[in-house]
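Shown next: work-v4.txt, containing compact mmCIF, C-alpha atoms and all ligand atoms.
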# COMPACT_ATOMS: atom_id res chain seq x y z
CA MET A 111 -155.45 136.44 -8.93
CA PHE A 112 -154.97 132.72 -8.33
CA THR A 113 -154.54 133.12 -4.57
CA GLN A 114 -158.17 134.24 -4.34
CA PHE A 115 -159.35 131.45 -6.63
CA PHE A 116 -157.68 128.76 -4.51
CA GLY A 117 -158.48 130.46 -1.19
CA LEU A 118 -154.80 131.02 -0.37
CA LYS A 119 -153.78 133.79 2.05
CA PHE A 120 -150.59 134.30 0.00
CA ASN A 121 -148.58 132.41 -2.60
CA PRO A 122 -146.71 129.82 -0.51
CA PHE A 123 -144.44 129.08 -3.48
CA SER A 124 -143.08 132.60 -3.81
CA LYS A 125 -139.39 133.36 -3.50
CA GLU A 126 -139.65 135.21 -0.20
CA ILE A 127 -139.63 132.77 2.64
CA ALA A 128 -139.00 133.53 6.30
CA ALA A 129 -136.25 131.47 7.94
CA ASP A 130 -138.76 129.92 10.35
CA GLN A 131 -140.99 128.77 7.48
CA VAL A 132 -138.32 126.93 5.54
CA PHE A 133 -139.32 123.35 4.71
CA LEU A 134 -137.26 120.84 6.69
CA SER A 135 -136.19 118.69 3.76
CA GLN A 136 -133.86 115.70 3.96
CA ASP A 137 -131.16 118.00 2.57
CA LEU A 138 -131.65 120.36 5.49
CA VAL A 139 -131.58 117.54 8.03
CA GLU A 140 -128.36 116.10 6.58
CA LEU A 141 -126.74 119.47 6.14
CA ASN A 142 -127.61 120.49 9.69
CA SER A 143 -126.05 117.37 11.14
CA ARG A 144 -122.81 118.19 9.31
CA LEU A 145 -122.96 121.80 10.43
CA LYS A 146 -123.56 120.68 14.02
CA TYR A 147 -120.42 118.55 13.77
CA LEU A 148 -118.58 121.58 12.40
CA GLN A 149 -119.82 123.59 15.38
CA ASN A 150 -117.89 121.19 17.62
CA THR A 151 -114.71 120.81 15.59
CA ARG A 152 -114.82 124.27 13.99
CA GLY A 153 -112.78 124.79 10.79
CA ILE A 154 -113.95 124.80 7.18
CA GLY A 155 -117.01 123.20 5.57
CA LEU A 156 -118.27 123.09 1.98
CA ILE A 157 -121.80 122.98 0.60
CA ALA A 158 -122.23 122.39 -3.10
CA GLY A 159 -125.38 122.13 -5.15
CA GLU A 160 -127.09 123.02 -8.40
CA PRO A 161 -128.52 126.53 -8.75
CA GLY A 162 -131.79 126.72 -6.84
CA SER A 163 -131.11 123.60 -4.77
CA GLY A 164 -131.59 125.59 -1.54
CA LYS A 165 -128.04 126.30 -0.35
CA SER A 166 -128.50 129.96 0.54
CA THR A 167 -131.91 129.30 2.09
CA ALA A 168 -130.47 126.51 4.27
CA LEU A 169 -127.58 128.73 5.35
CA ARG A 170 -129.91 131.64 6.10
CA LYS A 171 -131.87 129.38 8.40
CA TYR A 172 -128.75 127.94 10.02
CA VAL A 173 -127.31 131.37 10.72
CA THR A 174 -130.63 132.70 12.05
CA ASP A 175 -130.89 129.78 14.47
CA LEU A 176 -127.41 130.30 15.97
CA ASN A 177 -127.25 131.51 19.55
CA PRO A 178 -125.92 135.09 19.22
CA SER A 179 -124.23 134.97 22.60
CA LEU A 180 -122.04 132.08 21.40
CA TYR A 181 -121.69 132.73 17.67
CA LYS A 182 -121.11 135.78 15.52
CA ALA A 183 -122.43 135.15 12.03
CA CYS A 184 -121.06 137.05 9.02
CA TYR A 185 -122.50 136.37 5.55
CA PHE A 186 -120.92 137.41 2.24
CA SER A 187 -121.81 136.54 -1.33
CA LEU A 188 -119.10 136.72 -3.98
CA ALA A 189 -121.89 137.55 -6.44
CA THR A 190 -122.36 140.95 -4.80
CA VAL A 191 -118.97 141.85 -3.32
CA THR A 192 -115.47 141.92 -4.75
CA VAL A 193 -112.68 140.02 -3.02
CA LEU A 194 -111.32 143.19 -1.42
CA GLU A 195 -114.81 144.18 -0.31
CA PHE A 196 -115.12 140.75 1.31
CA TYR A 197 -111.92 141.26 3.34
CA GLN A 198 -112.93 144.81 4.25
CA GLY A 199 -116.48 143.74 5.09
CA LEU A 200 -115.24 140.87 7.23
CA ALA A 201 -112.87 143.16 9.13
CA LEU A 202 -115.74 145.60 9.69
CA GLU A 203 -118.13 142.87 10.84
CA LEU A 204 -115.47 141.78 13.31
CA GLY A 205 -115.35 145.31 14.69
CA GLU A 206 -112.20 146.57 12.94
CA GLU A 207 -111.70 149.68 10.82
CA PRO A 208 -110.15 148.06 7.70
CA LYS A 209 -106.67 149.30 6.82
CA HIS A 210 -105.61 149.94 3.21
CA LYS A 211 -103.28 147.10 2.37
CA LYS A 212 -104.62 143.59 2.05
CA ILE A 213 -101.87 142.14 4.21
CA ALA A 214 -102.74 144.59 6.99
CA ILE A 215 -106.44 143.65 6.73
CA PHE A 216 -105.41 139.96 6.96
CA HIS A 217 -103.72 140.63 10.30
CA GLN A 218 -106.69 142.66 11.51
CA ILE A 219 -109.06 139.81 10.66
CA GLN A 220 -106.88 137.20 12.34
CA ASP A 221 -106.44 139.31 15.48
CA ALA A 222 -110.16 140.03 15.63
CA ILE A 223 -111.06 136.32 15.24
CA ASN A 224 -108.56 135.38 17.97
CA SER A 225 -109.85 138.04 20.32
CA LEU A 226 -113.50 137.16 19.69
CA TYR A 227 -112.87 133.47 20.33
CA HIS A 228 -110.41 133.64 23.23
CA ASP A 229 -111.46 136.82 25.06
CA ARG A 230 -115.21 136.90 24.46
CA ARG A 231 -115.79 133.15 23.94
CA VAL A 232 -117.71 133.86 20.77
CA THR A 233 -117.04 131.76 17.66
CA PRO A 234 -117.16 133.67 14.40
CA VAL A 235 -119.22 131.83 11.74
CA ILE A 236 -118.26 133.16 8.33
CA VAL A 237 -120.38 132.14 5.36
CA LEU A 238 -118.92 132.76 1.93
CA ASP A 239 -121.62 132.15 -0.65
CA GLU A 240 -121.21 131.76 -4.44
CA ILE A 241 -117.72 130.37 -3.78
CA HIS A 242 -117.65 128.89 -7.32
CA LEU A 243 -116.97 132.47 -8.47
CA ALA A 244 -113.71 132.54 -6.47
CA SER A 245 -110.36 132.58 -8.27
CA ASN A 246 -107.67 130.07 -7.32
CA LYS A 247 -105.83 133.00 -5.77
CA LEU A 248 -108.74 133.74 -3.44
CA LEU A 249 -109.05 130.07 -2.50
CA GLU A 250 -105.38 130.08 -1.55
CA ASP A 251 -105.74 133.35 0.35
CA LEU A 252 -108.61 131.83 2.33
CA ARG A 253 -106.43 128.96 3.43
CA LEU A 254 -103.77 131.39 4.63
CA LEU A 255 -106.25 133.77 6.24
CA PHE A 256 -107.85 130.94 8.19
CA ASN A 257 -104.58 129.44 9.38
CA PHE A 258 -104.12 129.93 13.13
CA LYS A 259 -101.24 128.87 15.38
CA MET A 260 -99.43 127.19 12.49
CA ASP A 261 -102.62 125.43 11.48
CA SER A 262 -103.09 123.69 14.81
CA HIS A 263 -106.14 125.55 16.02
CA ASN A 264 -109.53 126.64 14.64
CA PRO A 265 -111.05 129.61 16.43
CA PHE A 266 -113.64 130.02 13.64
CA ILE A 267 -116.19 128.29 11.42
CA LEU A 268 -115.91 129.05 7.72
CA ILE A 269 -118.68 127.76 5.45
CA LEU A 270 -118.07 127.87 1.72
CA SER A 271 -121.15 127.42 -0.43
CA GLY A 272 -121.51 127.32 -4.19
CA GLN A 273 -122.47 125.61 -7.41
CA PRO A 274 -120.92 122.25 -8.41
CA LEU A 275 -118.15 123.98 -10.35
CA ILE A 276 -116.42 124.58 -7.01
CA ARG A 277 -115.84 120.85 -6.68
CA ASN A 278 -113.92 120.85 -9.98
CA LYS A 279 -111.89 123.86 -8.87
CA LEU A 280 -111.01 122.13 -5.61
CA THR A 281 -109.72 119.05 -7.42
CA LEU A 282 -106.93 121.13 -8.98
CA ASN A 283 -103.56 120.44 -7.36
CA ILE A 284 -103.14 124.10 -6.54
CA ASN A 285 -106.27 123.92 -4.36
CA ASN A 286 -105.38 120.63 -2.71
CA PRO A 287 -104.27 122.26 0.57
CA LEU A 288 -107.70 123.88 0.96
CA ARG A 289 -109.55 120.73 -0.10
CA GLN A 290 -107.68 118.71 2.53
CA ARG A 291 -108.77 121.16 5.19
CA LEU A 292 -112.49 120.74 4.55
CA ALA A 293 -113.81 119.16 7.74
CA VAL A 294 -117.30 118.56 6.30
CA LYS A 295 -118.82 118.50 2.82
CA TYR A 296 -122.41 118.24 1.71
CA ILE A 297 -123.92 118.10 -1.75
CA MET A 298 -127.54 119.21 -1.98
CA GLN A 299 -129.78 116.58 -3.60
CA GLY A 300 -133.07 118.45 -4.00
CA LEU A 301 -136.47 117.13 -2.92
CA GLY A 302 -137.16 113.44 -3.42
CA SER A 303 -140.53 112.45 -4.91
CA ALA A 304 -142.18 111.62 -1.55
CA GLU A 305 -140.80 114.85 -0.11
CA LEU A 306 -142.12 116.86 -3.01
CA LYS A 307 -145.65 115.74 -2.19
CA GLN A 308 -145.17 116.65 1.46
CA TYR A 309 -143.61 119.97 0.47
CA CYS A 310 -146.63 120.88 -1.68
CA SER A 311 -149.21 120.00 0.93
CA THR A 312 -147.42 121.69 3.85
CA ARG A 313 -146.88 124.85 1.79
CA LEU A 314 -150.55 124.96 0.79
CA LYS A 315 -151.65 124.37 4.40
CA MET A 316 -149.40 127.14 5.57
CA ALA A 317 -151.29 129.49 3.27
CA GLY A 318 -154.65 128.20 4.50
CA LEU A 319 -155.54 125.55 1.90
CA HIS A 320 -156.07 122.12 3.45
CA GLU A 321 -157.23 120.32 0.34
CA GLU A 322 -155.02 118.16 -1.91
CA ILE A 323 -155.15 119.93 -5.27
CA PHE A 324 -152.32 118.06 -7.03
CA THR A 325 -152.99 114.67 -8.57
CA GLU A 326 -150.33 111.96 -8.18
CA ALA A 327 -149.56 112.24 -11.91
CA ALA A 328 -149.11 116.00 -11.57
CA LEU A 329 -146.62 115.52 -8.71
CA GLU A 330 -144.69 113.00 -10.77
CA ALA A 331 -144.59 115.39 -13.71
CA ILE A 332 -143.38 118.23 -11.46
CA ASN A 333 -140.71 115.98 -10.02
CA SER A 334 -139.36 114.90 -13.38
CA ALA A 335 -139.46 118.43 -14.83
CA THR A 336 -137.61 120.00 -11.90
CA ASN A 337 -135.41 117.24 -10.46
CA GLY A 338 -136.80 118.35 -7.12
CA LEU A 339 -134.82 121.61 -7.17
CA PRO A 340 -136.82 123.94 -4.91
CA ARG A 341 -136.50 127.09 -7.06
CA MET A 342 -137.73 125.25 -10.16
CA VAL A 343 -140.45 123.50 -8.16
CA ASN A 344 -141.70 126.86 -6.88
CA ASN A 345 -141.65 128.46 -10.32
CA LEU A 346 -143.41 125.55 -11.98
CA ILE A 347 -146.06 125.24 -9.28
CA THR A 348 -146.77 128.97 -9.33
CA ASN A 349 -147.27 128.70 -13.07
CA CYS A 350 -149.52 125.67 -12.59
CA LEU A 351 -151.67 127.63 -10.13
CA LEU A 352 -151.93 130.53 -12.57
CA PHE A 353 -152.80 128.23 -15.42
CA ALA A 354 -155.39 126.24 -13.47
CA CYS A 355 -156.97 129.48 -12.25
CA GLU A 356 -157.29 130.76 -15.84
CA LYS A 357 -159.05 127.53 -16.75
CA LYS A 358 -161.18 127.70 -13.55
CA GLN A 359 -159.91 124.23 -12.70
CA ARG A 360 -159.38 123.47 -9.01
CA GLN A 361 -157.45 120.28 -9.49
CA ILE A 362 -153.94 120.36 -10.91
CA ASP A 363 -153.35 117.32 -13.09
CA ASP A 364 -150.38 116.36 -15.26
CA GLU A 365 -151.92 118.13 -18.26
CA VAL A 366 -151.82 121.46 -16.38
CA VAL A 367 -148.21 120.74 -15.40
CA TYR A 368 -147.19 120.10 -19.03
CA GLN A 369 -148.89 123.29 -20.21
CA ALA A 370 -147.37 125.34 -17.40
CA GLN A 371 -143.98 123.80 -18.09
CA SER A 372 -144.08 124.56 -21.80
CA GLU A 373 -145.02 128.16 -20.97
CA LEU A 374 -142.00 128.40 -18.65
CA ASN A 375 -139.77 127.10 -21.44
CA LEU A 376 -140.88 129.84 -23.86
N1 LIG B 401 -136.01 124.28 2.35
C1 LIG B 401 -136.72 125.12 1.61
N2 LIG B 401 -138.01 125.40 1.93
C2 LIG B 401 -138.72 126.22 1.16
N3 LIG B 401 -138.29 126.83 0.07
C3 LIG B 401 -137.02 126.61 -0.29
C4 LIG B 401 -136.17 125.75 0.45
N4 LIG B 401 -134.97 125.71 -0.16
C5 LIG B 401 -135.07 126.53 -1.21
N5 LIG B 401 -136.29 127.07 -1.30
C6 LIG B 401 -136.77 127.99 -2.34
O1 LIG B 401 -135.96 127.85 -3.48
C7 LIG B 401 -135.39 129.10 -3.85
C8 LIG B 401 -133.95 128.86 -4.25
O2 LIG B 401 -133.20 128.50 -3.11
P1 LIG B 401 -131.74 129.12 -2.83
O3 LIG B 401 -131.68 130.54 -3.27
O4 LIG B 401 -131.44 128.79 -1.42
O5 LIG B 401 -130.89 128.20 -3.80
P2 LIG B 401 -129.31 128.20 -4.03
O6 LIG B 401 -128.88 126.78 -3.99
O7 LIG B 401 -128.67 129.15 -3.10
O8 LIG B 401 -129.23 128.72 -5.54
P3 LIG B 401 -128.06 129.54 -6.28
O9 LIG B 401 -126.95 128.55 -6.54
O10 LIG B 401 -128.69 130.02 -7.56
O11 LIG B 401 -127.63 130.66 -5.37
C9 LIG B 401 -135.55 130.01 -2.64
O12 LIG B 401 -135.80 131.32 -3.06
C10 LIG B 401 -136.71 129.45 -1.90
O13 LIG B 401 -137.88 130.07 -2.34
MG MG B 402 -127.58 130.89 -3.40
Output the file's structure as structure tokens, nothing else.
Ligand SMILES: Nc1ncnc2c1ncn2[C@@H]1O[C@H](COP(=O)(O)OP(=O)(O)OP(=O)(O)O)[C@@H](O)[C@H]1O
Ligand SMILES: [Mg+2]
Amino acid sequence: MFTQFFGLKFNPFSKEIAADQVFLSQDLVELNSRLKYLQNTRGIGLIAGEPGSGKSTALRKYVTDLNPSLYKACYFSLATVTVLEFYQGLALELGEEPKHKKIAIFHQIQDAINSLYHDRRVTPVIVLDEIHLASNKLLEDLRLLFNFKMDSHNPFILILSGQPLIRNKLTLNINNPLRQRLAVKYIMQGLGSAELKQYCSTRLKMAGLHEEIFTEAALEAINSATNGLPRMVNNLITNCLLFACEKKQRQIDDEVVYQAQSELNL
């Protein structure tokens, strides 16, 4: 196994990553400053980004870092729940036994959000991931569901996160009312080339390897093959490590990257 060959305690480029080990990329710094602003104003925010750009990871970290005595975080992914399941799940998370009709669940959710915010001084933070899968109908429902005191008050934070398609959906006239209500927006950029280098070395150090094993040319090749998208970076680097281990080569140069990349493209 390559971990043994390189003297790594584990593969630091694997998919599983604890919230406290997430790399603090420029994307995370910029996103966090917008989310901090949203914490003050409350209301609705949007995060868009290519698949694998780190949206869900960033949100997982954000939600984990929230003070539970001030915020109640609820996370839903439209990839795994239906729209009705989302409403029911949200009602349940807010401590309600969901009724049968959607309109009744709407009222339950609104009452629960009001009571949480005004009586218990806790702000609900609702994350709706994979929002690009939402229909226009759901986007409109969201606007109505999160409309309090005739739209003059925000006792909640709603974070919508999804692939760039959501931006096209929001430009449709029918979705204009929701688009206008977005208090913050952020588009994930991926790791820049200097960041990629830092990412690689901090990940390797975390797993116990303090030596620079990537050549400059290899890092450049990784950057251009992945556009700095963390999921692709992780996949490509893992393949590079496997490949270099097979060849008993400790240094990863651009040749290894090209070979590993062409294997990934098979
Ligand atoms: N800041 C980070 N530090 C370390 N690893 C990261 C970071 N961001 C993303 N990753 C890695 O990249 C992978 C993909 O990230 P994530 O699932 O957050 O992307 P996404 O934008 O939500 O993608 P999708 O649109 O497909 O849902 C994660 O499994 C994680 O391993
Ligand atoms: Mg995701």
Next item on the list: Write out as a PyMOL selection string each polymer residue whose atoms come within 7 Å of Leu270 of chain A, counting only C-alpha atoms; drop sequence neighbours fewer than 6 positions from it.
Entry: chain A and resi 155-157+237-239+241
Include C-alpha atoms and write out the residues we just selected as a PDB file, keeping the file's coordinate frame.
ATOM      1  CA  GLY A 155    -117.010 123.200   5.570  1.00  0.00           C
ATOM      2  CA  LEU A 156    -118.270 123.090   1.980  1.00  0.00           C
ATOM      3  CA  ILE A 157    -121.800 122.980   0.600  1.00  0.00           C
ATOM      4  CA  VAL A 237    -120.380 132.140   5.360  1.00  0.00           C
ATOM      5  CA  LEU A 238    -118.920 132.760   1.930  1.00  0.00           C
ATOM      6  CA  ASP A 239    -121.620 132.150  -0.650  1.00  0.00           C
ATOM      7  CA  ILE A 241    -117.720 130.370  -3.780  1.00  0.00           C
TER       8      ILE A 241
END
Find the nearest atom pair between each residue of chain A and ligand MG 402 (chain B) for residues within 10 Å, count all atoms listed in the file, give distances in Å to one decimal, sort rows by chain and ascending number, and present the table as CSV.
residue,atom,partner,partner_atom,distance
A:Gly159,CA,B:MG402,MG,9.2
A:Glu160,CA,B:MG402,MG,9.3
A:Pro161,CA,B:MG402,MG,7.0
A:Gly162,CA,B:MG402,MG,6.9
A:Ser163,CA,B:MG402,MG,8.2
A:Gly164,CA,B:MG402,MG,6.9
A:Lys165,CA,B:MG402,MG,5.5
A:Ser166,CA,B:MG402,MG,4.2
A:Thr167,CA,B:MG402,MG,7.2
A:Ala168,CA,B:MG402,MG,9.3
A:Leu169,CA,B:MG402,MG,9.0
A:Arg170,CA,B:MG402,MG,9.8
A:Ser187,CA,B:MG402,MG,8.3
A:Ala189,CA,B:MG402,MG,9.3
A:Asp239,CA,B:MG402,MG,6.7
A:Glu240,CA,B:MG402,MG,6.5
A:Ile241,CA,B:MG402,MG,9.9
A:Ser271,CA,B:MG402,MG,7.9
A:Gly272,CA,B:MG402,MG,7.1
A:Gln273,CA,B:MG402,MG,8.4
Store the residues of this selection in a file with C-alpha atoms, as a JSON list (two decimals), in the frame of the given file.
[["chain", "number", "residue", "atom", "x", "y", "z"],
["A", 159, "GLY", "CA", -125.38, 122.13, -5.15],
["A", 160, "GLU", "CA", -127.09, 123.02, -8.40],
["A", 161, "PRO", "CA", -128.52, 126.53, -8.75],
["A", 162, "GLY", "CA", -131.79, 126.72, -6.84],
["A", 163, "SER", "CA", -131.11, 123.60, -4.77],
["A", 164, "GLY", "CA", -131.59, 125.59, -1.54],
["A", 165, "LYS", "CA", -128.04, 126.30, -0.35],
["A", 166, "SER", "CA", -128.50, 129.96, 0.54],
["A", 167, "THR", "CA", -131.91, 129.30, 2.09],
["A", 168, "ALA", "CA", -130.47, 126.51, 4.27],
["A", 169, "LEU", "CA", -127.58, 128.73, 5.35],
["A", 170, "ARG", "CA", -129.91, 131.64, 6.10],
["A", 187, "SER", "CA", -121.81, 136.54, -1.33],
["A", 189, "ALA", "CA", -121.89, 137.55, -6.44],
["A", 239, "ASP", "CA", -121.62, 132.15, -0.65],
["A", 240, "GLU", "CA", -121.21, 131.76, -4.44],
["A", 241, "ILE", "CA", -117.72, 130.37, -3.78],
["A", 271, "SER", "CA", -121.15, 127.42, -0.43],
["A", 272, "GLY", "CA", -121.51, 127.32, -4.19],
["A", 273, "GLN", "CA", -122.47, 125.61, -7.41]]
Item checked: Proximity to Asn257 of chain A - best of A:Tyr309, A:Phe196, A:Gly153, A:Ala317, all atoms listed in the file -> A:Gly153
Axis-aligned box for all listed atoms of ligand LIG 401 (chain B), 3 Å per side, centre and edges in Å to one decimal, as AutoDock Vina command-line options:
--center_x -132.8 --center_y 127.8 --center_z -2.6 --size_x 17.8 --size_y 13.0 --size_z 15.9
Checklist line | Protein and nucleic acid residues near (-153.5, 132.5, -10.1) (cut-off 6 Å, all atoms listed in the file) as a ChimeraX atom specification | finding: /A:111-113,351-352,355
Next item on the list: Please identify all polymer residues within 12 Å of Asn278 of chain A, counting all atoms listed in the file, omitting same-chain residues fewer than 5 positions from it, and present them as a PyMOL selection string.
Entry: chain A and resi 158+241-242+246+272-273+283-286+289
Next item on the list: For atom CA of Arg152 of chain A and atom CA of Pro178 of chain A, quote the distance in Å rounded to one decimal.
Entry: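 Rounded to one decimal, the two atoms are 16.4 Å apart.
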Note to self: Just want the 12 Å neighbourhood of Ala201 of chain A, counted on all atoms listed in the file, with same-chain residues fewer than 5 positions away dropped. Output as JSON, numbers by chain.
What the structure shows: {"A": [184, 194, 195, 196, 206, 207, 208, 209, 210, 212, 214, 215, 216, 217, 218, 219, 220, 221, 222, 223, 234, 236, 255]}
Next item on the list: Take atom C4 of ligand LIG 401 (chain B) and atom CA of Gln308 of chain A and report the distance between them in Å, one decimal.
Entry: 12.8 Å
Item checked: Atomic distance atom CA of Pro265 of chain A - atom CA of Tyr147 of chain A, expressed in Å with one decimal ->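 So the two atoms, atom CA of Pro265 of chain A and atom CA of Tyr147 of chain A, lie 14.7 Å apart.
Distances to Met342 of chain A were evaluated for A:Asn177, A:Thr281, A:Asn375, A:Ser245 using all atoms listed in the file, and the minimum falls at A:Asn375.
Considering only C-alpha atoms and all ligand atoms, the residue among A:Gly318, A:Pro122, A:Gly302, A:Pro287 positioned nearest to ligand LIG 401 (chain B) is A:Pro122.
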Note to self: Measuring between only C-alpha atoms and all ligand atoms, which one of A:Lys357, A:Glu203, A:Asn345, A:Phe266 shows the shortest distance to ligand LIG 401 (chain B)?
What the structure shows: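 Result for the nearest residue to ligand LIG 401 (chain B): A:Asn345.
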Item checked: Residues near Leu346 of chain A, cut-off 8 Å, only C-alpha atoms, skip fewer than 5 positions along chain, as a list in words ->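 Final neighbour list, sorted by chain and number: Ile332, Val367, Ala370, Gln371 and Leu374 of chain A.
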Check: Which residue out of A:Leu254, A:Leu188, A:Met260, A:Ala293 has the minimum interatomic distance to Leu145 of chain A when all atoms listed in the file are used?
Finding: A:Ala293
